[in-house]
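Participant: What follows is protein_11.pdb, PDB, C-alpha atoms, pLDDT in the B column.
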```
MODEL        1
ATOM      1  CA  MET A   1       0.000   0.000   0.000  1.00 39.00           C
ATOM      2  CA  ALA A   2       1.316   3.438  -0.977  1.00 42.00           C
ATOM      3  CA  GLY A   3       2.534   5.450   1.991  1.00 54.00           C
ATOM      4  CA  GLU A   4       3.410   2.432   4.141  1.00 83.00           C
ATOM      5  CA  ARG A   5       6.426   3.056   6.347  1.00 90.00           C
ATOM      6  CA  TYR A   6       8.743   0.634   8.102  1.00 92.00           C
ATOM      7  CA  ARG A   7      11.320   0.963  10.815  1.00 93.00           C
ATOM      8  CA  VAL A   8      14.520  -0.907  10.020  1.00 93.00           C
ATOM      9  CA  GLU A   9      13.537  -3.822  12.280  1.00 94.00           C
ATOM     10  CA  GLU A  10      10.172  -4.098  10.502  1.00 94.00           C
ATOM     11  CA  LEU A  11      11.892  -3.938   7.120  1.00 94.00           C
ATOM     12  CA  ALA A  12      14.250  -6.728   8.198  1.00 93.00           C
ATOM     13  CA  ALA A  13      11.332  -8.892   9.332  1.00 93.00           C
ATOM     14  CA  THR A  14       9.393  -8.247   6.126  1.00 92.00           C
ATOM     15  CA  THR A  15      12.276  -9.096   3.791  1.00 91.00           C
ATOM     16  CA  ASP A  16      13.974 -11.715   5.997  1.00 90.00           C
ATOM     17  CA  ILE A  17      17.224  -9.781   5.636  1.00 90.00           C
ATOM     18  CA  GLY A  18      19.186  -8.856   8.734  1.00 90.00           C
ATOM     19  CA  VAL A  19      19.324  -5.313  10.064  1.00 91.00           C
ATOM     20  CA  ASP A  20      23.123  -5.276   9.837  1.00 90.00           C
ATOM     21  CA  THR A  21      22.922  -6.455   6.215  1.00 91.00           C
ATOM     22  CA  ILE A  22      20.445  -3.697   5.341  1.00 92.00           C
ATOM     23  CA  ARG A  23      22.710  -1.077   6.872  1.00 91.00           C
ATOM     24  CA  TYR A  24      25.695  -2.589   5.052  1.00 89.00           C
ATOM     25  CA  TYR A  25      23.848  -2.310   1.726  1.00 90.00           C
ATOM     26  CA  GLN A  26      23.165   1.355   2.507  1.00 89.00           C
ATOM     27  CA  ALA A  27      26.819   1.991   3.313  1.00 88.00           C
ATOM     28  CA  GLN A  28      27.832   0.335   0.028  1.00 85.00           C
ATOM     29  CA  GLY A  29      25.467   2.500  -1.998  1.00 86.00           C
ATOM     30  CA  LEU A  30      23.201  -0.400  -2.926  1.00 87.00           C
ATOM     31  CA  LEU A  31      20.151   0.865  -1.057  1.00 90.00           C
ATOM     32  CA  GLU A  32      18.920   4.440  -0.890  1.00 90.00           C
ATOM     33  CA  ALA A  33      18.873   6.127   2.485  1.00 90.00           C
ATOM     34  CA  PRO A  34      15.616   6.139   4.464  1.00 92.00           C
ATOM     35  CA  THR A  35      13.636   9.274   5.139  1.00 92.00           C
ATOM     36  CA  ARG A  36      13.854  10.655   8.637  1.00 89.00           C
ATOM     37  CA  ASP A  37      11.305  11.983  11.056  1.00 88.00           C
ATOM     38  CA  GLY A  38      13.358  13.315  13.892  1.00 88.00           C
ATOM     39  CA  ARG A  39      15.578  10.476  15.040  1.00 87.00           C
ATOM     40  CA  ILE A  40      13.419   7.776  13.436  1.00 90.00           C
ATOM     41  CA  ALA A  41      14.477   6.344  10.035  1.00 92.00           C
ATOM     42  CA  TRP A  42      11.567   5.269   7.847  1.00 94.00           C
ATOM     43  CA  TYR A  43      11.720   2.849   4.926  1.00 94.00           C
ATOM     44  CA  HIS A  44       9.051   2.295   2.265  1.00 93.00           C
ATOM     45  CA  ARG A  45       7.933  -0.356  -0.196  1.00 89.00           C
ATOM     46  CA  GLY A  46      10.579   0.758  -2.673  1.00 90.00           C
ATOM     47  CA  HIS A  47      13.204  -0.415  -0.198  1.00 92.00           C
ATOM     48  CA  ILE A  48      11.486  -3.815  -0.011  1.00 92.00           C
ATOM     49  CA  ALA A  49      11.540  -4.158  -3.792  1.00 89.00           C
ATOM     50  CA  ARG A  50      15.205  -3.148  -3.914  1.00 89.00           C
ATOM     51  CA  LEU A  51      16.232  -5.583  -1.180  1.00 91.00           C
ATOM     52  CA  ASN A  52      14.405  -8.401  -2.951  1.00 87.00           C
ATOM     53  CA  GLU A  53      16.204  -7.476  -6.178  1.00 84.00           C
ATOM     54  CA  ILE A  54      19.601  -7.465  -4.456  1.00 86.00           C
ATOM     55  CA  ARG A  55      18.895 -10.875  -2.951  1.00 85.00           C
ATOM     56  CA  ASP A  56      17.757 -12.314  -6.298  1.00 79.00           C
ATOM     57  CA  LEU A  57      20.769 -10.939  -8.165  1.00 78.00           C
ATOM     58  CA  SER A  58      23.154 -12.202  -5.483  1.00 78.00           C
ATOM     59  CA  ALA A  59      21.551 -15.631  -5.728  1.00 72.00           C
ATOM     60  CA  GLN A  60      22.174 -15.603  -9.476  1.00 67.00           C
ATOM     61  CA  GLY A  61      25.897 -15.047  -8.917  1.00 68.00           C
ATOM     62  CA  PHE A  62      26.226 -11.271  -9.350  1.00 72.00           C
ATOM     63  CA  SER A  63      28.679  -9.481  -7.085  1.00 75.00           C
ATOM     64  CA  LEU A  64      27.686  -6.448  -5.041  1.00 80.00           C
ATOM     65  CA  ALA A  65      29.866  -4.309  -7.329  1.00 77.00           C
ATOM     66  CA  GLN A  66      27.929  -5.533 -10.368  1.00 72.00           C
ATOM     67  CA  ILE A  67      24.601  -4.933  -8.642  1.00 77.00           C
ATOM     68  CA  ARG A  68      25.730  -1.412  -7.754  1.00 77.00           C
ATOM     69  CA  ALA A  69      26.805  -0.750 -11.348  1.00 70.00           C
ATOM     70  CA  LEU A  70      23.452  -1.951 -12.556  1.00 68.00           C
ATOM     71  CA  ALA A  71      21.668   0.444 -10.187  1.00 65.00           C
ATOM     72  CA  ASP A  72      23.944   3.340 -11.136  1.00 58.00           C
ATOM     73  CA  ASP A  73      23.421   3.318 -14.903  1.00 53.00           C
ATOM     74  CA  ASP A  74      21.178   0.364 -15.741  1.00 55.00           C
ATOM     75  CA  ASP A  75      24.069  -1.175 -17.684  1.00 56.00           C
ATOM     76  CA  PRO A  76      22.565  -3.093 -20.626  1.00 58.00           C
ATOM     77  CA  LEU A  77      25.349  -5.687 -20.572  1.00 57.00           C
ATOM     78  CA  LEU A  78      24.505  -6.667 -17.011  1.00 57.00           C
ATOM     79  CA  ARG A  79      20.805  -6.598 -17.814  1.00 58.00           C
ATOM     80  CA  SER A  80      21.381  -8.994 -20.722  1.00 60.00           C
ATOM     81  CA  LEU A  81      23.060 -11.472 -18.378  1.00 56.00           C
ATOM     82  CA  ILE A  82      20.337 -11.108 -15.766  1.00 54.00           C
ATOM     83  CA  THR A  83      17.622 -11.694 -18.349  1.00 52.00           C
ATOM     84  CA  GLY A  84      19.099 -15.038 -19.326  1.00 51.00           C
ATOM     85  CA  SER A  85      20.182 -16.202 -15.895  1.00 52.00           C
ATOM     86  CA  GLY A  86      16.834 -17.647 -14.852  1.00 52.00           C
ATOM     87  CA  GLU A  87      15.148 -17.690 -11.469  1.00 57.00           C
ATOM     88  CA  ALA A  88      17.069 -17.685  -8.233  1.00 61.00           C
ATOM     89  CA  PRO A  89      17.775 -21.188  -6.853  1.00 73.00           C
ATOM     90  CA  THR A  90      15.621 -22.205  -3.889  1.00 80.00           C
ATOM     91  CA  ILE A  91      16.418 -25.885  -3.200  1.00 86.00           C
ATOM     92  CA  ASP A  92      18.557 -26.783  -0.189  1.00 89.00           C
ATOM     93  CA  ARG A  93      20.884 -29.784  -0.025  1.00 89.00           C
ATOM     94  CA  GLU A  94      18.451 -32.013   1.863  1.00 90.00           C
ATOM     95  CA  GLU A  95      15.628 -31.354  -0.586  1.00 91.00           C
ATOM     96  CA  LEU A  96      17.995 -31.856  -3.516  1.00 91.00           C
ATOM     97  CA  ALA A  97      18.855 -35.337  -2.276  1.00 90.00           C
ATOM     98  CA  ARG A  98      15.177 -36.132  -1.778  1.00 90.00           C
ATOM     99  CA  LEU A  99      14.112 -34.910  -5.218  1.00 90.00           C
ATOM    100  CA  ALA A 100      16.960 -36.742  -6.966  1.00 87.00           C
ATOM    101  CA  HIS A 101      16.356 -39.913  -4.907  1.00 88.00           C
ATOM    102  CA  LEU A 102      19.985 -40.011  -3.826  1.00 86.00           C
ATOM    103  CA  PRO A 103      21.633 -40.349  -0.410  1.00 87.00           C
ATOM    104  CA  ALA A 104      23.070 -37.205   1.118  1.00 88.00           C
ATOM    105  CA  GLU A 105      26.572 -38.640   0.687  1.00 86.00           C
ATOM    106  CA  ALA A 106      26.122 -38.768  -3.100  1.00 84.00           C
ATOM    107  CA  VAL A 107      25.051 -35.118  -3.199  1.00 86.00           C
ATOM    108  CA  ALA A 108      28.024 -34.150  -1.035  1.00 87.00           C
ATOM    109  CA  LEU A 109      30.357 -36.003  -3.415  1.00 81.00           C
ATOM    110  CA  ALA A 110      28.871 -34.228  -6.460  1.00 81.00           C
ATOM    111  CA  ILE A 111      29.578 -30.898  -4.791  1.00 81.00           C
ATOM    112  CA  GLU A 112      33.054 -31.934  -3.677  1.00 79.00           C
ATOM    113  CA  VAL A 113      34.182 -32.946  -7.177  1.00 72.00           C
ATOM    114  CA  GLY A 114      32.771 -29.775  -8.729  1.00 71.00           C
ATOM    115  CA  LEU A 115      29.858 -31.301 -10.597  1.00 75.00           C
ATOM    116  CA  LEU A 116      27.478 -29.051  -8.654  1.00 80.00           C
ATOM    117  CA  ASN A 117      28.163 -25.490  -7.541  1.00 76.00           C
ATOM    118  CA  PRO A 118      25.712 -24.264  -4.910  1.00 81.00           C
ATOM    119  CA  THR A 119      24.712 -20.622  -4.689  1.00 76.00           C
ATOM    120  CA  ILE A 120      25.078 -19.152  -1.204  1.00 70.00           C
ATOM    121  CA  ILE A 121      22.028 -17.152  -0.110  1.00 66.00           C
ATOM    122  CA  ASP A 122      22.034 -15.634   3.377  1.00 62.00           C
ATOM    123  CA  GLY A 123      24.764 -18.086   4.317  1.00 67.00           C
ATOM    124  CA  GLU A 124      22.833 -21.132   3.103  1.00 75.00           C
ATOM    125  CA  GLU A 125      23.416 -23.392   0.075  1.00 81.00           C
ATOM    126  CA  ARG A 126      20.761 -23.256  -2.621  1.00 83.00           C
ATOM    127  CA  PHE A 127      20.430 -25.231  -5.878  1.00 85.00           C
ATOM    128  CA  SER A 128      18.360 -24.816  -9.035  1.00 81.00           C
ATOM    129  CA  ASP A 129      16.029 -27.287 -10.723  1.00 80.00           C
ATOM    130  CA  ASP A 130      18.871 -28.076 -13.144  1.00 80.00           C
ATOM    131  CA  ALA A 131      20.796 -29.633 -10.256  1.00 85.00           C
ATOM    132  CA  VAL A 132      17.922 -32.041  -9.668  1.00 87.00           C
ATOM    133  CA  ASP A 133      17.945 -33.040 -13.347  1.00 85.00           C
ATOM    134  CA  MET A 134      21.713 -33.564 -13.308  1.00 83.00           C
ATOM    135  CA  LEU A 135      21.684 -35.780 -10.231  1.00 85.00           C
ATOM    136  CA  SER A 136      18.642 -37.698 -11.437  1.00 86.00           C
ATOM    137  CA  SER A 137      20.509 -38.470 -14.658  1.00 83.00           C
ATOM    138  CA  ALA A 138      23.527 -39.618 -12.663  1.00 79.00           C
ATOM    139  CA  ARG A 139      21.324 -41.864 -10.526  1.00 82.00           C
ATOM    140  CA  LEU A 140      19.783 -43.487 -13.612  1.00 84.00           C
ATOM    141  CA  LEU A 141      23.249 -44.206 -14.989  1.00 79.00           C
ATOM    142  CA  ILE A 142      24.369 -45.746 -11.718  1.00 78.00           C
ATOM    143  CA  ASP A 143      21.145 -47.774 -11.478  1.00 83.00           C
ATOM    144  CA  ALA A 144      21.871 -49.067 -14.994  1.00 84.00           C
ATOM    145  CA  GLY A 145      25.202 -50.423 -13.772  1.00 83.00           C
ATOM    146  CA  VAL A 146      27.672 -47.588 -14.481  1.00 78.00           C
ATOM    147  CA  ASP A 147      30.588 -47.706 -12.046  1.00 80.00           C
ATOM    148  CA  PRO A 148      30.119 -44.742  -9.655  1.00 74.00           C
ATOM    149  CA  THR A 149      33.890 -44.341  -9.359  1.00 78.00           C
ATOM    150  CA  ALA A 150      34.323 -44.051 -13.117  1.00 77.00           C
ATOM    151  CA  PHE A 151      31.416 -41.629 -13.281  1.00 71.00           C
ATOM    152  CA  THR A 152      32.964 -39.492 -10.530  1.00 73.00           C
ATOM    153  CA  GLU A 153      36.287 -39.403 -12.360  1.00 78.00           C
ATOM    154  CA  LEU A 154      34.481 -38.269 -15.504  1.00 76.00           C
ATOM    155  CA  ALA A 155      32.771 -35.506 -13.529  1.00 72.00           C
ATOM    156  CA  VAL A 156      36.105 -34.358 -12.114  1.00 75.00           C
ATOM    157  CA  ARG A 157      37.685 -34.153 -15.572  1.00 78.00           C
ATOM    158  CA  HIS A 158      34.654 -32.229 -16.805  1.00 74.00           C
ATOM    159  CA  ALA A 159      34.888 -29.746 -13.929  1.00 70.00           C
ATOM    160  CA  GLU A 160      38.611 -29.226 -14.534  1.00 72.00           C
ATOM    161  CA  HIS A 161      38.061 -28.217 -18.145  1.00 75.00           C
ATOM    162  CA  THR A 162      34.778 -26.315 -17.849  1.00 75.00           C
ATOM    163  CA  GLU A 163      36.279 -23.032 -16.640  1.00 74.00           C
ATOM    164  CA  GLN A 164      38.703 -22.905 -19.562  1.00 78.00           C
ATOM    165  CA  LEU A 165      35.890 -23.693 -21.978  1.00 79.00           C
ATOM    166  CA  VAL A 166      33.772 -20.910 -20.498  1.00 78.00           C
ATOM    167  CA  ASP A 167      36.698 -18.470 -20.751  1.00 81.00           C
ATOM    168  CA  ASP A 168      37.134 -19.433 -24.403  1.00 82.00           C
ATOM    169  CA  ALA A 169      33.427 -18.854 -25.071  1.00 79.00           C
ATOM    170  CA  ILE A 170      33.574 -15.431 -23.404  1.00 79.00           C
ATOM    171  CA  ALA A 171      36.655 -14.562 -25.491  1.00 83.00           C
ATOM    172  CA  ILE A 172      34.798 -15.423 -28.699  1.00 81.00           C
ATOM    173  CA  VAL A 173      31.940 -13.071 -27.858  1.00 79.00           C
ATOM    174  CA  HIS A 174      34.287 -10.356 -26.564  1.00 82.00           C
ATOM    175  CA  ASP A 175      36.430 -10.442 -29.717  1.00 85.00           C
ATOM    176  CA  LEU A 176      33.314 -10.158 -31.872  1.00 80.00           C
ATOM    177  CA  ILE A 177      32.068  -7.159 -29.892  1.00 81.00           C
ATOM    178  CA  GLU A 178      35.478  -5.488 -30.148  1.00 85.00           C
ATOM    179  CA  ALA A 179      35.811  -6.213 -33.869  1.00 88.00           C
ATOM    180  CA  LYS A 180      32.409  -4.720 -34.639  1.00 85.00           C
ATOM    181  CA  GLY A 181      32.895  -1.779 -32.301  1.00 86.00           C
ATOM    182  CA  LEU A 182      29.483  -2.363 -30.763  1.00 79.00           C
ATOM    183  CA  SER A 183      27.928  -0.014 -28.241  1.00 78.00           C
ATOM    184  CA  ARG A 184      27.066  -1.492 -24.839  1.00 69.00           C
ATOM    185  CA  GLY A 185      23.431  -1.737 -25.869  1.00 69.00           C
ATOM    186  CA  ASP A 186      24.262  -3.586 -29.078  1.00 76.00           C
ATOM    187  CA  ALA A 187      26.784  -5.722 -27.195  1.00 76.00           C
ATOM    188  CA  ALA A 188      24.035  -6.701 -24.755  1.00 72.00           C
ATOM    189  CA  ALA A 189      21.871  -7.843 -27.643  1.00 73.00           C
ATOM    190  CA  MET A 190      24.820  -9.793 -29.028  1.00 73.00           C
ATOM    191  CA  ILE A 191      25.335 -11.536 -25.677  1.00 74.00           C
ATOM    192  CA  GLU A 192      21.669 -12.511 -25.456  1.00 71.00           C
ATOM    193  CA  LEU A 193      21.934 -13.987 -28.950  1.00 73.00           C
ATOM    194  CA  ALA A 194      25.355 -15.613 -28.698  1.00 76.00           C
ATOM    195  CA  ILE A 195      25.485 -17.275 -25.292  1.00 73.00           C
ATOM    196  CA  PRO A 196      22.499 -19.625 -25.785  1.00 74.00           C
ATOM    197  CA  LYS A 197      23.798 -20.490 -29.262  1.00 77.00           C
ATOM    198  CA  ILE A 198      27.291 -21.254 -27.975  1.00 78.00           C
ATOM    199  CA  THR A 199      25.818 -23.387 -25.201  1.00 77.00           C
ATOM    200  CA  LYS A 200      23.720 -25.329 -27.703  1.00 79.00           C
ATOM    201  CA  LEU A 201      26.678 -25.686 -30.058  1.00 82.00           C
ATOM    202  CA  VAL A 202      29.024 -27.078 -27.389  1.00 79.00           C
ATOM    203  CA  ALA A 203      26.418 -29.427 -25.893  1.00 76.00           C
ATOM    204  CA  GLY A 204      25.335 -30.593 -29.341  1.00 81.00           C
ATOM    205  CA  HIS A 205      28.919 -31.225 -30.405  1.00 80.00           C
ATOM    206  CA  PHE A 206      29.561 -33.308 -27.290  1.00 76.00           C
ATOM    207  CA  GLN A 207      26.463 -35.402 -27.928  1.00 78.00           C
ATOM    208  CA  GLN A 208      27.222 -35.929 -31.616  1.00 84.00           C
ATOM    209  CA  THR A 209      30.838 -36.849 -30.877  1.00 82.00           C
ATOM    210  CA  LEU A 210      29.751 -39.274 -28.156  1.00 78.00           C
ATOM    211  CA  VAL A 211      27.302 -40.995 -30.491  1.00 80.00           C
ATOM    212  CA  ALA A 212      29.679 -41.070 -33.455  1.00 82.00           C
ATOM    213  CA  ARG A 213      32.672 -42.447 -31.568  1.00 80.00           C
ATOM    214  CA  GLY A 214      30.555 -44.867 -29.564  1.00 78.00           C
ATOM    215  CA  THR A 215      28.944 -46.198 -32.725  1.00 79.00           C
ATOM    216  CA  ALA A 216      32.327 -46.558 -34.423  1.00 80.00           C
ATOM    217  CA  ARG A 217      33.740 -48.586 -31.560  1.00 75.00           C
ATOM    218  CA  LEU A 218      30.736 -50.876 -31.411  1.00 70.00           C
ATOM    219  CA  THR A 219      30.677 -51.504 -35.159  1.00 72.00           C
ATOM    220  CA  ASP A 220      34.449 -52.064 -35.215  1.00 68.00           C
ATOM    221  CA  GLY A 221      34.127 -54.546 -32.399  1.00 55.00           C
ATOM    222  CA  ASP A 222      36.401 -52.543 -30.131  1.00 53.00           C
ATOM    223  CA  GLU A 223      35.941 -52.574 -26.412  1.00 53.00           C
ATOM    224  CA  PRO A 224      35.334 -49.139 -24.891  1.00 48.00           C
ATOM    225  CA  ARG A 225      38.435 -47.782 -23.220  1.00 49.00           C
TER     226      ARG A 225
ENDMDL
END
```
Would you kindly transcribe this structure into structure tokens?
Facilitator:
Amino acid sequence: MAGERYRVEELAATTDIGVDTIRYYQAQGLLEAPTRDGRIAWYHRGHIARLNEIRDLSAQGFSLAQIRALADDDDPLLRSLITGSGEAPTIDREELARLAHLPAEAVALAIEVGLLNPTIIDGEERFSDDAVDMLSSARLLIDAGVDPTAFTELAVRHAEHTEQLVDDAIAIVHDLIEAKGLSRGDAAAMIELAIPKITKLVAGHFQQTLVARGTARLTDGDEPR
């Protein structure tokens, strides 16, 4: 309701964000100062919306510096990443294990080897629906007889090379933006176009290569190595 006012303690209770955190956001320039009536600081619904936005962006992996930059000039490059980053993860580790029908130890191992990277929200681990799909797929493979140790080793090798692959993908897009001399707005549009395509290209190439090489080995009578 327009005109609603909140003391800082009421704002903290409404948003489930600590008083100290709210004051820290103010000090960092992430949250506008409250209005004052004498010695009392009053917050309004705009502060609630902003705190919810900060929490959502943090959950999606954006740093406080990036969130501040976004507030300062509505940077289209950051907006393009936010648009494609999906909803904030909400699943905790216990629920993840339950949804994937796996023991807690298996989930812990997936995190330890780098197959899953939890997002930390208010000091707590949170996972997205994609994590459930990934672990469910792993469980089906193990149920089919795949050696869990071999699968874990594969996951470790994947994690080791993923960061370099991501850096290479970013370099491709960056070089294209630089070569074309794109404005930040046009670069944002390029990112929105390119990143999903690169993701599809890499995933599709992996699948096609897996099928092609697997088929060749089977038809040649070779044992998988």
Participant: Kindly compute an axis-aligned box around the listed atoms of segment 135-146 of chain A, allowing 5 Å on each side, and express its centre and edge lengths in Å to one decimal as lines of an AutoDock Vina configuration file.
Facilitator:
```
center_x = 23.2
center_y = -43.1
center_z = -12.6
size_x = 19.0
size_y = 24.6
size_z = 14.8
```
Participant: For His174 of chain A, work out the shell of residues within 12 Å, counting only C-alpha atoms and skipping chain neighbours fewer than 4 positions away, then give it as an mmCIF file with C-alpha atoms, in the frame of the given file.
Facilitator:
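The file below, out-v3.cif, is the result:
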```
data_model
loop_
_atom_site.group_PDB
_atom_site.id
_atom_site.type_symbol
_atom_site.label_atom_id
_atom_site.label_comp_id
_atom_site.auth_asym_id
_atom_site.auth_seq_id
_atom_site.Cartn_x
_atom_site.Cartn_y
_atom_site.Cartn_z
ATOM 1 C CA LEU A 77 25.349 -5.687 -20.572
ATOM 2 C CA ASP A 167 36.698 -18.470 -20.751
ATOM 3 C CA ASP A 168 37.134 -19.433 -24.403
ATOM 4 C CA ALA A 169 33.427 -18.854 -25.071
ATOM 5 C CA ILE A 170 33.574 -15.431 -23.404
ATOM 6 C CA GLU A 178 35.478 -5.488 -30.148
ATOM 7 C CA ALA A 179 35.811 -6.213 -33.869
ATOM 8 C CA LYS A 180 32.409 -4.720 -34.639
ATOM 9 C CA GLY A 181 32.895 -1.779 -32.301
ATOM 10 C CA LEU A 182 29.483 -2.363 -30.763
ATOM 11 C CA ARG A 184 27.066 -1.492 -24.839
ATOM 12 C CA ALA A 187 26.784 -5.722 -27.195
ATOM 13 C CA ALA A 188 24.035 -6.701 -24.755
ATOM 14 C CA MET A 190 24.820 -9.793 -29.028
ATOM 15 C CA ILE A 191 25.335 -11.536 -25.677
ATOM 16 C CA ALA A 194 25.355 -15.613 -28.698
ATOM 17 C CA ILE A 195 25.485 -17.275 -25.292
#
```
Participant: Take the PyMOL selection byres ((chain A and resi 134) around 12), run it mentally on this structure, and tell me the resulting residues as JSON, numbers by chain.
Facilitator: {"A": [96, 97, 99, 100, 101, 102, 107, 110, 111, 115, 116, 117, 127, 128, 129, 130, 131, 132, 133, 135, 136, 137, 138, 139, 140, 141, 155]}
Participant: Using all atoms listed in the file, which residues sit within 10 Å of His158 of chain A once same-chain residues fewer than 5 positions away are excluded, as an mmCIF file with C-alpha atoms, in the coordinates of the input?
Facilitator:
```cif
data_model
loop_
_atom_site.group_PDB
_atom_site.id
_atom_site.type_symbol
_atom_site.label_atom_id
_atom_site.label_comp_id
_atom_site.auth_asym_id
_atom_site.auth_seq_id
_atom_site.Cartn_x
_atom_site.Cartn_y
_atom_site.Cartn_z
ATOM 1 C CA VAL A 113 34.182 -32.946 -7.177
ATOM 2 C CA GLY A 114 32.771 -29.775 -8.729
ATOM 3 C CA LEU A 115 29.858 -31.301 -10.597
ATOM 4 C CA THR A 152 32.964 -39.492 -10.530
ATOM 5 C CA GLU A 153 36.287 -39.403 -12.360
ATOM 6 C CA GLU A 163 36.279 -23.032 -16.640
#
```
Participant: So what do you get for atom CA of Ala65 of chain A versus atom CA of Arg5 of chain A, distance-wise?
Facilitator: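 Result for atom CA of Ala65 of chain A versus atom CA of Arg5 of chain A: 28.1 Å, one decimal.
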Participant: Have a look at atom CA of Ile22 of chain A and atom CA of Gly46 of chain A and let me know their distance in Å, one decimal.
Facilitator: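 Atom-to-atom, atom CA of Ile22 of chain A and atom CA of Gly46 of chain A are spaced 13.5 Å apart.
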Participant: Pull out every residue that the PyMOL selection byres ((chain A and resi 42) around 9) matches in the shown coordinates and put them as a PyMOL selection string.
Facilitator: chain A and resi 5-8+34-37+40-41+43-44
Participant: Go ahead and compute the interatomic distance for atom CA of Leu57 of chain A and atom CA of Ala106 of chain A, in Å to one decimal.
Facilitator: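 Atom CA of Ala106 of chain A lies 28.8 Å from atom CA of Leu57 of chain A.
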Participant: With the file shown as input, list the residues that the PyMOL selection byres ((chain A and resi 201-210) around 12) selects, as a list in words.
Facilitator: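 For this structure, the PyMOL selection byres ((chain A and resi 201-210) around 12) captures His158, Thr162, Leu165, Val166, Asp168, Ala169, Ala194, Ile195, Pro196, Lys197, Ile198, Thr199, Lys200, Val211, Ala212, Arg213, Gly214, Thr215, Ala216, Arg217 and Pro224 of chain A.
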Participant: What lies within 9 Å of Arg126 of chain A using all atoms listed in the file, ignoring chain neighbours under 3 positions off, as a PyMOL selection string?
Facilitator: chain A and resi 59+88-93+118-121
Participant: For Ile67 of chain A, which residue among A:Thr21, A:Thr14, A:Thr149, A:Gln28 is the nearest when counting only C-alpha atoms?
Facilitator: A:Gln28
